[in-house]
Each structure stands twice: as structure tokens, then as C-alpha cells.
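Shown next, in C-alpha cells, is the structure this report addresses.
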Amino acid sequence: MLEKNNKAHFIGLLCVIAAVVLLPLTTTNGFYLKVMFLIGVNYLAASGLNVLVGFTGQKSLGHAGLFAVGAYTVALLTTKAGWNPWAAFIASGVVAGFFGVVIALPALRVKGPALAMVTIAFGIVVEKIVSEWQDVFGGQAGIYGVVPPMLFGGVRLGPKEWVWFAATLGILAHLSIRALVMGKYGRAFRAVNTAEVAAESVGVSVYRFKVLAFVISAVTCGLAGALIAQQNQYISSDFITFGLSIFFLLIVLFGGSSIYGPILGAIVLTLLDAFLARWPHLQHFTYGALLLFALYVMPDGLSGMLRTVARRVMPKLFAPRMFEQNPQPWRLRADEVAAPDRPLLKAENLYKAYGGVIPTNRVSIDIKTGHIHSLIGPNGAGKTTLLNILSGVIAPDSGSFEFNGRTISGLPANKICSLGLARTFQNLKLFGNMSVLENVQVGLHSRLDSGFLSCLLGTPAARREERLTTTEALQVLDFVGLREKANELAGSLAYGLQRRLEIARALATHPRLLLLDEPAAGLNPQETQDLIEVISRIRDLGITILLIEHHMDLVMAISDHVIVLDYGEKIAEGTPTEVQNNPRVIAAYLGDDEDMADLDAMDEQAIDAARAGAKHE
């Protein structure tokens with residue numbers, strides 16, 4: 001399937017290049033050439049914004065401000081600093097990227113509508129600065145005499161050359177962003193969009209990728225602004241309006257979040273904008289109507305609608321991707337395998353309180369390599385809170401813990417994962433709109449070496465690593481029995497298979513310690529038995545396991561060591577038999593005479609197991 005997509009993309013790219021070369025030669029009409037140029041400019045701005053909005057899910061309504069940063073940077077550098085216009089053009093992208101970081105750092109502390117409001121504020125501030133600061137930015141009169149790039153021999157670009165220049169930049173942007181989002185960076189962006197906590201748990205720095213998405217969108221938008229300023233040889237605050245931010249966002253939403261969406265959106269909306277130029281009062285109404293139409297009628301945009309039609313017309317083009325048969329068995333990397341019975345994780349006096357509720361109260365635990373440790377206790381005992389602390393999802397109020405001889409208290413979840421501690425969640429947190437294979441590939445993220453520039457340029461090393469990533473992800477899926485589901489969407493799997501996929505994604509991080517939070521929750525007896533076999537095989541690989549579970553038959557069948565919590569405190573630990581016969585454990589599950597009325601609210605299997613232990617005693 002990948003080869004088919006690459007062939008189709010190559011053919012499509014040749015068609016676009018042919019159209020770009022030939023269309024400007026078919027006319028001498030300045031208006032038509034200007035529209036072609038604006039299509040290239042709008043696509044350039046929207047291509048980066050699509051990474052931010054479409055792939056990462058961050059809403060921005062202030063990119064007109066970044067457009068202004070690029071335009072005024074090239075204007076000031078060429079008119080007042082005497083820079084070479086080519087150098088000034090490149091600098092406009094760099095400066096816009098810097099402002100992308102400036103916006104991202106405070107903006108990403110908020111989410112949803114609040115994030116959009118922060119970006120709106122940035123756009124308004126920039127507009128006010130360039131319109132009011134006359135000494136530097138020329139005020140409302142703007143800056144004249146912006147020096148455009150020159151051709152060889154000092155010849156200026158004409159209308160046709162500007163179309164070719166903008167189109168060339170657009171094609172380069174498309175190829176670079178496509179290479180980026182088809183690899184580990186694209187998967188990370190989408191993971192952040194889908195489930196931030198899960199992305200952090202498999203080694204993806206959510207904050208870093210949000211900032212990176214802002215920078216990418218800022219650079220392309222700044223270059224688009226520089227193009228306008230140099231082509232017009234003039235820039236003023238009239239170009240920088242809130243409506244421009246809306247227009248860029250509409251291109252992305254109307255076109256769709258796929259890599260081809262901004263191309264479709266830029267073509268359709270630029271032509272529509274040129275058509276409506278004779279009726280300015282209709283423009284804002286039309287954009288608003290199109291925005292509502294795109295959100296409610298075409299949630300996947302124009303590209304999504306066309307893809308749906310293409311699947312029906314040419315189903316062979318979308319046939320499931322075929323993989324090599326019988327891959328080598330997956331194994332934990334040699335440097336991750338630890339000798340048995342060695343100290344691995346040590347926590348001392350962990351304490352966490354939410355007001356008057358104390359889910360973790362001075363808990364200390366020791367985890368040794370090569371064993372399956374189970375963490376049990378009644379509902380509300382604080383088990384998941386303890387796992388959240390150990391995996392870096394939340395920070396303890398006091399206490400400390402170290403992993404593999406290194407203190408990791410206070411480290412973010414993605415750093416803890418990269419050290420070899422992975423986890424699953426009580427409530428499933430899969431990347432549901434990504435394939436089963438891609439979910440596991442995200443798990444491999446922290447183990448991949450290709451850097452940003454290598455992925456952006458699509459170097460042979462990056463492509464080779466991507467092939468190896470696919471092979472290893474298939475090996476992990478084969479290990480848990482999901483290889484035949486590799487092409488399916490994770491959200492479409494049966495519940496039991498989703499549970500197994502989440503374990504596979506965690507395994508892909510190559511953990512020394514795997515934290516499993518109620519992996520058997522909601523499973524039928526056969527699925528539970530299959531899970532027991534999977535967990536046993538994971539231990540055989542040399543991975544230590546800390547398991548939270550209410551299914552006492554599962555706990556007693558596979559555990560080497562059991563820790564019991566009750567009301568946030570550790571009340572017992574030892575072998576399964578020792579814990580099963582412990583009076584405090586029996587009391588915690590069964591309660592005293594005054595608490596017997598609450599039995600119905602407890603897990604029946606846990607109650608039966610505790611009663612069996614009491615009879616044995």
C-alpha cells in the first residue's frame with residue numbers, strides 16, 4: 001500500500017509541476033497571474049498551519065500576526081538595514097519561527113477556547129503595533145520600496161516568475177511536511193492530538209511537540225507574509241486583519257487535515273475569494289457559512305470527502321497494506337534485560353493528598369527484577385494514584401522514588417518512559433483514529449534516533465529507520481497475537497483486543513518495568529486466560545511487572561509478590577498465600593460486622609478469594 005501511495009503521489013506531483021509550469025504561459029492577464037500567485041502564498045501559509053491545527057489539534061486564530069512578522073521583517077531588513085533580499089526572505093522565516101515559540105510557551109498552558117483567545121490576542125497586539133508605531137513600521141501608511149528577490153543577472157521577477165517562485169516554495173513545503181508527518185513526528189503529532197497522557201506515557205513530550213507544531217506553522221506563515229511584501233514591494237497594516245487569520249484557518253478546515261487538504265482548500269478558497277472581491281460585503285458571510293459547513297457537514301474536509309468517494313470508485317487503491325510474512329520473534333533489547341532479583345524500583349514514604357482525601361499515605365514499596373508484583377486493594381484504596389505517581393503522570397506531595405538506581409521523582413512521564421518504565425491505563429487510552437500498527441510505532445518513538453532535520457528532508461537514514469520501525473512494530477503485534485489486525489483502526493477493535501493493543505504499545509517502549517492498571521477489566525473468562533498467558537510471556541522476556549487487578553484468580557495465578565493497599569496505606573505484602581491469609585487483608589475486603597452491608601459494592605471475585613483464604617486459615 002505504501003508503494004502504491006508513493007507512486008500515486010509521484011504521479012500527482014508530476015501533474016502539479018506540469019500545471020505550475022504551463023498555466024502561467026497560457027495567459028498575460030495580470031489578475032489571473034495574481035490569483036495563481038495567491039494560491040501559492042495561501043497554500044504556503046496553510047501547509048504549516050495544518051500541522052498545528054489538523055495534526056496536533058491546537059486551534060489558532062492569530063496567524064495573521066505571524067504573517068505580519070514575516071512581511072515586516074523582510075520590509076525592514078531590505079529598506080532600512082540594506083540586506084540582500086534573498087537573505088532577508090530567509091530571515092523572515094527564522095524571525096517568524098522565533099515568534100512562534102513566543103506564542104507557544106504561554107499559550108500552551110491553556111487549552112481549547114482559551115488557547116484560541118491567546119492567539120487572537122497576539123494577532124491583535126501585532127496589528128496595533130504595526131499600525132500605531134509609525135517611526136519603525138510606518139503606521140497605517142506602511143513601508144514602501146520593499147526590495148524583491150532578483151534573478152540571475154539582476155533581473156527582477158515578473159508576474160509569471162512570481163507564480164513559479166511561490167509554487168516552487170509550496171512544492172518544497174509540501175514535500176518536506178509530507179516526509180515529516182509520514183514518520184515518527186507525524187505519529188507523535190497525532191498522538192498528542194488524540195490522548196496527551198497516553199502520548200507522554202510512551203515517551204512523547206507533549207509540550208515539545210506542541211511548540212514544534214507552532215514553530216512549523218509560524219515559519220511557513222512568515223514566509224508567506226514575506227512573499228506578499230516583496231511581490232507588492234509594499235506592506236501595511238491593511239494586510240494584517242483578523243479576517244486573514246480566519247481565512248487561513250478556513251483553508252485548513254475546509255481542505256481537511258490530510259497532507260493534501262491545504263492544497264485543495266487554497267485552490268478553492270482563493271478562487272472564491274477572487275470571485276467575491278467585487279462584493280466585499282458578502283465575503284465575511286460566505287466565510288462564516290463555509291466554516292459552519294466544513295465543521296458540521298464535512299468534518300474531514302474536502303480531502304476526506306474525496307477520499308471517501310475514491311474508496312468507492314477505486315477500492316484497489318486503498319487495499320490493506322501487505323507486510324512480509326513470518327517476521328523474526330520480538331525480543332527485548334539486550335541492554336534492557338536485567339539479572340533477576342536485583343533492586344529495580346524503590347519508593348519511600350510517597351504521599352499525595354487532594355484536600356481531605358489522601359489516596360497515597362506514606363507508601364513505601366520495593367520492586368525486584370524478574371518478578372510479577374501485584375498491587376491489590378478495595379475500590380478507592382489508592383492503587384491507580386500510586387501508579388500515576390510512579391509513572392510521572394502526577395507528582396507526589398512528599399516522598400521519593402528511584403528507578404534502576406536513579407532518582408526519578410519529579411521527572412515528566414516521557415522522561416520516565418525513556419528510562420524504561422512503561423504503563424497501561426485503567427481506562428483505555430489508545431490513539432483510536434490511528435491504525436493498530438501506528439499505535440505500536442508510537443510506542444517505539446523514544447527508541448528512534450532520526451532527528452527533526454533528517455525526517456523533514458526525508459533522508460535515506462530516516463526512511464531506513466522507518467522501515468525498521470514497521471518491522472519491529474509487526475514483531476510486537478505478533479507477540480501479542482494482533483498482527484493480522486495491523487491495518488485496522490485501533491478504535492474499531494473489540495474491547496479485549498484493545499486491552500491487548502495497549503499492552504503491545506507499552507511493550508514497544510522496551511521497558512524494564514511494566515505497570516499494568518487493571519488489564520483484565522471487562523474481559524470474559526477466555527480473554528482473561530489469554531491475558532494470563534501474555535503476561536507470563538512478558539515476564540519470560542525479562543520484563544518486571546507491577547500489576548493492579550481485581551481478578552483474584554489472575555492475581556493468585558501469576559503473582560510472585562503481592563502488595564495490599566487500603567485507604568491509601570500499605571497494610572500487607574508478601575507471597576500470594578501469605579497475603580490471602582492475612583487478617584488485615586480479609587478485613588479490608590470483607591469489612592467488620594458494621595460494614596457487611598457494603599459487600600454488594602465490592603468485586604465479587606475479590607470477596608470470594610478473601611473468603612476462601614479465611615476458610616483455609
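Every chain in the C-alpha cells has a letter given in the order shown (A, B, ...), and although residue numbers restart at 1 in each chain, ligands are simply numbered from 1 in the order shown.
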Enumerate as a ChimeraX atom specification all residues of range 17-110 of chain A assigned to helix (DSSP H, G or I) by DSSP on the backbone, naming them with the chain letters and numbers the document uses. /A:17-26,30-55,63-79,85-107
For range 423-426 of chain A, please output as a ChimeraX atom specification all residues within 10 Å (counting only C-alpha atoms; exclusion window: fewer than 5 positions along the same chain). /A:197-198,201-202,384,387-388,390-391,417,499-507,509,511,513-521,545-549
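Using only C-alpha atoms, the shortest contact distance between Gly186 in chain A and any of A:Asp566, A:Glu466, A:Asp238, A:Asp273 is found at A:Glu466.
Among the candidates A:Ser559, A:Asn414, A:Asn581, A:Asn433, the one nearest to Ala199 in chain A when counting only C-alpha atoms is A:Asn414.
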Rounded to one decimal in Å, what is the spacing between CA of Glu336 in chain A and CA of Ile535 in chain A? 17.6 Å
Nearest to Arg464 in chain A: which of A:Leu66, A:Gly183, A:Asp366, A:Glu488 is it, counting only C-alpha atoms?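 The answer is A:Gly183, which sits nearest to Arg464 in chain A.
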Set the distance at 9 Å and use only C-alpha atoms: which residues neighbour Leu76 in chain A once local chain neighbours fewer than 2 positions away are removed? I'd like the list as JSON, numbers by chain. {"A": [71, 72, 73, 74, 78, 79, 80, 81, 82, 83, 88, 136, 137, 143, 146]}
Would you mind exporting N, CA and C atoms of the selected residues as a compact mmCIF listing (two decimals), in the first residue's frame?
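The resulting file, part.txt, is reproduced below:
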# COMPACT_ATOMS: atom_id res chain seq x y z
N ALA A 71 6.32 39.55 6.96
CA ALA A 71 6.24 40.65 5.99
C ALA A 71 7.05 41.85 6.44
N TYR A 72 6.91 42.23 7.71
CA TYR A 72 7.63 43.41 8.19
C TYR A 72 9.11 43.14 8.41
N THR A 73 9.45 41.89 8.69
CA THR A 73 10.88 41.56 8.81
C THR A 73 11.59 41.78 7.49
N VAL A 74 11.02 41.25 6.40
CA VAL A 74 11.68 41.42 5.10
C VAL A 74 11.63 42.87 4.65
N THR A 78 15.27 44.97 4.19
CA THR A 78 15.66 45.41 2.84
C THR A 78 15.64 46.93 2.69
N THR A 79 14.72 47.61 3.38
CA THR A 79 14.61 49.06 3.20
C THR A 79 15.49 49.84 4.18
N LYS A 80 15.67 49.34 5.39
CA LYS A 80 16.40 50.12 6.40
C LYS A 80 17.75 49.53 6.75
N ALA A 81 17.90 48.21 6.65
CA ALA A 81 19.18 47.59 7.00
C ALA A 81 20.01 47.25 5.77
N GLY A 82 19.44 47.36 4.59
CA GLY A 82 20.19 47.13 3.36
C GLY A 82 20.56 45.69 3.10
N TRP A 83 19.77 44.76 3.64
CA TRP A 83 20.07 43.33 3.45
C TRP A 83 19.80 42.91 2.00
N ALA A 88 17.11 38.37 3.40
CA ALA A 88 16.00 38.92 4.19
C ALA A 88 14.79 37.98 4.14
N VAL A 136 8.89 53.14 13.22
CA VAL A 136 9.52 51.88 12.80
C VAL A 136 8.75 51.22 11.67
N PHE A 137 7.45 51.09 11.83
CA PHE A 137 6.65 50.31 10.89
C PHE A 137 5.84 51.16 9.91
N ILE A 143 5.15 50.51 4.74
CA ILE A 143 6.53 50.63 4.27
C ILE A 143 6.56 50.40 2.76
N VAL A 146 9.95 47.95 -0.66
CA VAL A 146 10.50 46.66 -0.24
C VAL A 146 11.21 46.02 -1.43
Write out as number ranges by chain the residues lying within 8 Å of Ser450 in chain A, counting only C-alpha atoms and excluding same-chain residues fewer than 5 positions away. A: 455, 461-462, 465
